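K.L.:
What follows is a structure written as structure tokens; I'll ask about it next.
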Amino acid sequence: MDSSQLSIFTLETLKKHKTNTGVSVNQFLQQKHPNGDWVVNKDEIGYYVKVAHLTMKYRWKIVGEVIEAISGRAVQLTPDLHPNKVNRDSKREKVDKKHLNDL
């Protein structure tokens with residue numbers, strides 16, 4: 001799978017991801033900002049909305065096989081995709097597995 005196919009696949013995965021409100025990311029953003037646009041650039045996915053003279057940005061980054069929230073709005077919408085949470089959960093899982101092996 002080349003990078004453009006991976007980005008499209010990842011975009012669809014992100015759109016279906018459940019937000020902290022329980023609805024999908026796409027559903028939440030389409031309801032809140034129906035005039036916004038999804039943009040995919042190499043290893044970054046964004047949802048951009050023009051409000052008056054400003055552009056609101058929800059941004060995520062593709063890191064390997066993981067999607068990480070990289071803007072404040074994206075973190076608020078998908079806190080489980082914040083890089084610190086992803087890293088912390090990964091470390092916790094490794095510690096849990098190590099502990100189980102010791103039993």
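Just so we're on the same page: first chain in the structure tokens is A, next is B, and so on; residues restart at 1 for each chain, and ligands are numbered from 1 in the order they show up.
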I'd like the neighbourhood of Leu14 in chain A as a PDB file with C-alpha atoms, in the first residue's frame, where a residue qualifies if any of its atoms comes within 9 Å (using only C-alpha atoms), though same-chain residues fewer than 4 positions away should be ignored.

P.N.:
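That gives us part.pdb:
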```
ATOM      1  CA  PHE A   9      -7.445   4.358   4.563  1.00  0.00           C
ATOM      2  CA  THR A  10      -6.356   6.275   7.664  1.00  0.00           C
ATOM      3  CA  LYS A  18     -15.593   7.488  18.277  1.00  0.00           C
ATOM      4  CA  SER A  24     -17.981   9.367  15.158  1.00  0.00           C
ATOM      5  CA  VAL A  25     -15.450  12.116  14.428  1.00  0.00           C
ATOM      6  CA  ASN A  26     -17.027  12.718  11.012  1.00  0.00           C
ATOM      7  CA  ILE A  45      -5.093  14.697   8.245  1.00  0.00           C
ATOM      8  CA  TRP A  60      -4.059  14.596  13.320  1.00  0.00           C
ATOM      9  CA  ILE A  67      -3.130   8.307  14.385  1.00  0.00           C
TER      10      ILE A  67
END
```

K.L.:
Fewer than 2 positions away in the same chain doesn't count, so skip those; otherwise give me all residues within 8 Å of Arg73 in chain A, counting only C-alpha atoms, as a PyMOL selection string.

P.N.:
chain A and resi 57-59+71+75-77

K.L.:
Name the closest residue to Gly22 in chain A among the candidates A:Leu54, A:Val40, A:Asn35, A:Thr78; distances are taken between atoms, counting only C-alpha atoms.

P.N.:
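Among A:Leu54, A:Val40, A:Asn35, A:Thr78, it is A:Thr78 that comes nearest to Gly22 in chain A.
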
K.L.:
From the DSSP assignment of the backbone, select every residue of range 14-63 of chain A that is strand (DSSP E or B), and format the answer as an MDAnalysis selection string.

P.N.:
chainID A and resid 18 24 37:41 44:51 54:63

K.L.:
I need the residue nearest Glu12 in chain A from this list: A:Lys50, A:Trp38, A:Glu68, A:Ala74. Use only C-alpha atoms for the distance.

P.N.:
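Closest to Glu12 in chain A of all the choices is A:Trp38.
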
K.L.:
From the set A:Val63, A:Val51, A:Val39, A:Ala69, which residue has the shortest atom-to-atom contact distance to Leu11 in chain A, counting only C-alpha atoms?

P.N.:
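Ranked by minimum distance to Leu11 in chain A, first place goes to A:Val39.
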
K.L.:
One number please: CA of Glu44 in chain A to CA of Ile62 in chain A, in Å, one decimal.

P.N.:
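Answer for the CA of Glu44 in chain A to CA of Ile62 in chain A separation: 5.9 Å.
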
K.L.:
Can you measure CA of Val23 in chain A to CA of Met56 in chain A for me? One decimal in Å is fine.

P.N.:
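Result for CA of Val23 in chain A versus CA of Met56 in chain A: 20.2 Å, one decimal.
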
K.L.:
Just asking: which residues within range 18-78 of chain A are helix (DSSP H, G or I) according to DSSP, as a JSON list (two decimals) with N, CA, C and O atoms, in the first residue's frame?

P.N.:
```json
[["chain", "number", "residue", "atom", "x", "y", "z"],
["A", 25, "VAL", "N", -16.11, 10.83, 14.67],
["A", 25, "VAL", "CA", -15.45, 12.12, 14.43],
["A", 25, "VAL", "C", -16.14, 12.83, 13.26],
["A", 25, "VAL", "O", -16.45, 14.02, 13.35],
["A", 26, "ASN", "N", -16.40, 12.11, 12.17],
["A", 26, "ASN", "CA", -17.03, 12.72, 11.01],
["A", 26, "ASN", "C", -18.42, 13.25, 11.34],
["A", 26, "ASN", "O", -18.77, 14.37, 10.98],
["A", 27, "GLN", "N", -19.21, 12.46, 12.05],
["A", 27, "GLN", "CA", -20.56, 12.89, 12.41],
["A", 27, "GLN", "C", -20.52, 14.15, 13.28],
["A", 27, "GLN", "O", -21.26, 15.10, 13.04],
["A", 28, "PHE", "N", -19.64, 14.17, 14.26],
["A", 28, "PHE", "CA", -19.52, 15.33, 15.14],
["A", 28, "PHE", "C", -19.15, 16.58, 14.34],
["A", 28, "PHE", "O", -19.78, 17.63, 14.47],
["A", 29, "LEU", "N", -18.10, 16.46, 13.51],
["A", 29, "LEU", "CA", -17.63, 17.63, 12.76],
["A", 29, "LEU", "C", -18.65, 18.08, 11.72],
["A", 29, "LEU", "O", -18.83, 19.29, 11.52],
["A", 30, "GLN", "N", -19.32, 17.17, 11.05],
["A", 30, "GLN", "CA", -20.32, 17.55, 10.05],
["A", 30, "GLN", "C", -21.51, 18.25, 10.70],
["A", 30, "GLN", "O", -22.10, 19.15, 10.11],
["A", 31, "GLN", "N", -21.87, 17.83, 11.92],
["A", 31, "GLN", "CA", -22.98, 18.49, 12.62],
["A", 31, "GLN", "C", -22.57, 19.86, 13.13],
["A", 31, "GLN", "O", -23.32, 20.82, 13.02],
["A", 32, "LYS", "N", -21.37, 19.95, 13.70],
["A", 32, "LYS", "CA", -20.91, 21.20, 14.29],
["A", 32, "LYS", "C", -20.46, 22.21, 13.23],
["A", 32, "LYS", "O", -20.71, 23.41, 13.36],
["A", 72, "GLY", "N", -4.94, 21.36, 19.41],
["A", 72, "GLY", "CA", -5.77, 21.43, 20.61],
["A", 72, "GLY", "C", -7.20, 20.99, 20.37],
["A", 72, "GLY", "O", -7.79, 20.27, 21.18],
["A", 73, "ARG", "N", -7.76, 21.39, 19.24],
["A", 73, "ARG", "CA", -9.15, 21.01, 18.93],
["A", 73, "ARG", "C", -9.27, 19.50, 18.72],
["A", 73, "ARG", "O", -10.23, 18.88, 19.15],
["A", 74, "ALA", "N", -8.28, 18.93, 18.04],
["A", 74, "ALA", "CA", -8.30, 17.47, 17.81],
["A", 74, "ALA", "C", -8.14, 16.72, 19.13],
["A", 74, "ALA", "O", -8.79, 15.69, 19.34],
["A", 75, "VAL", "N", -7.29, 17.23, 20.01],
["A", 75, "VAL", "CA", -7.09, 16.59, 21.32],
["A", 75, "VAL", "C", -8.38, 16.65, 22.13],
["A", 75, "VAL", "O", -8.76, 15.68, 22.78],
["A", 76, "GLN", "N", -9.08, 17.79, 22.10],
["A", 76, "GLN", "CA", -10.35, 17.90, 22.83],
["A", 76, "GLN", "C", -11.38, 16.93, 22.29],
["A", 76, "GLN", "O", -12.14, 16.34, 23.05],
["A", 77, "LEU", "N", -11.40, 16.76, 20.97],
["A", 77, "LEU", "CA", -12.38, 15.89, 20.34],
["A", 77, "LEU", "C", -12.03, 14.41, 20.50],
["A", 77, "LEU", "O", -12.90, 13.58, 20.71]]
```

K.L.:
Using Å and a single decimal, report how far CA of Val66 in chain A sits from CA of Pro83 in chain A.

P.N.:
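Here the two named atoms are 9.5 Å from each other.
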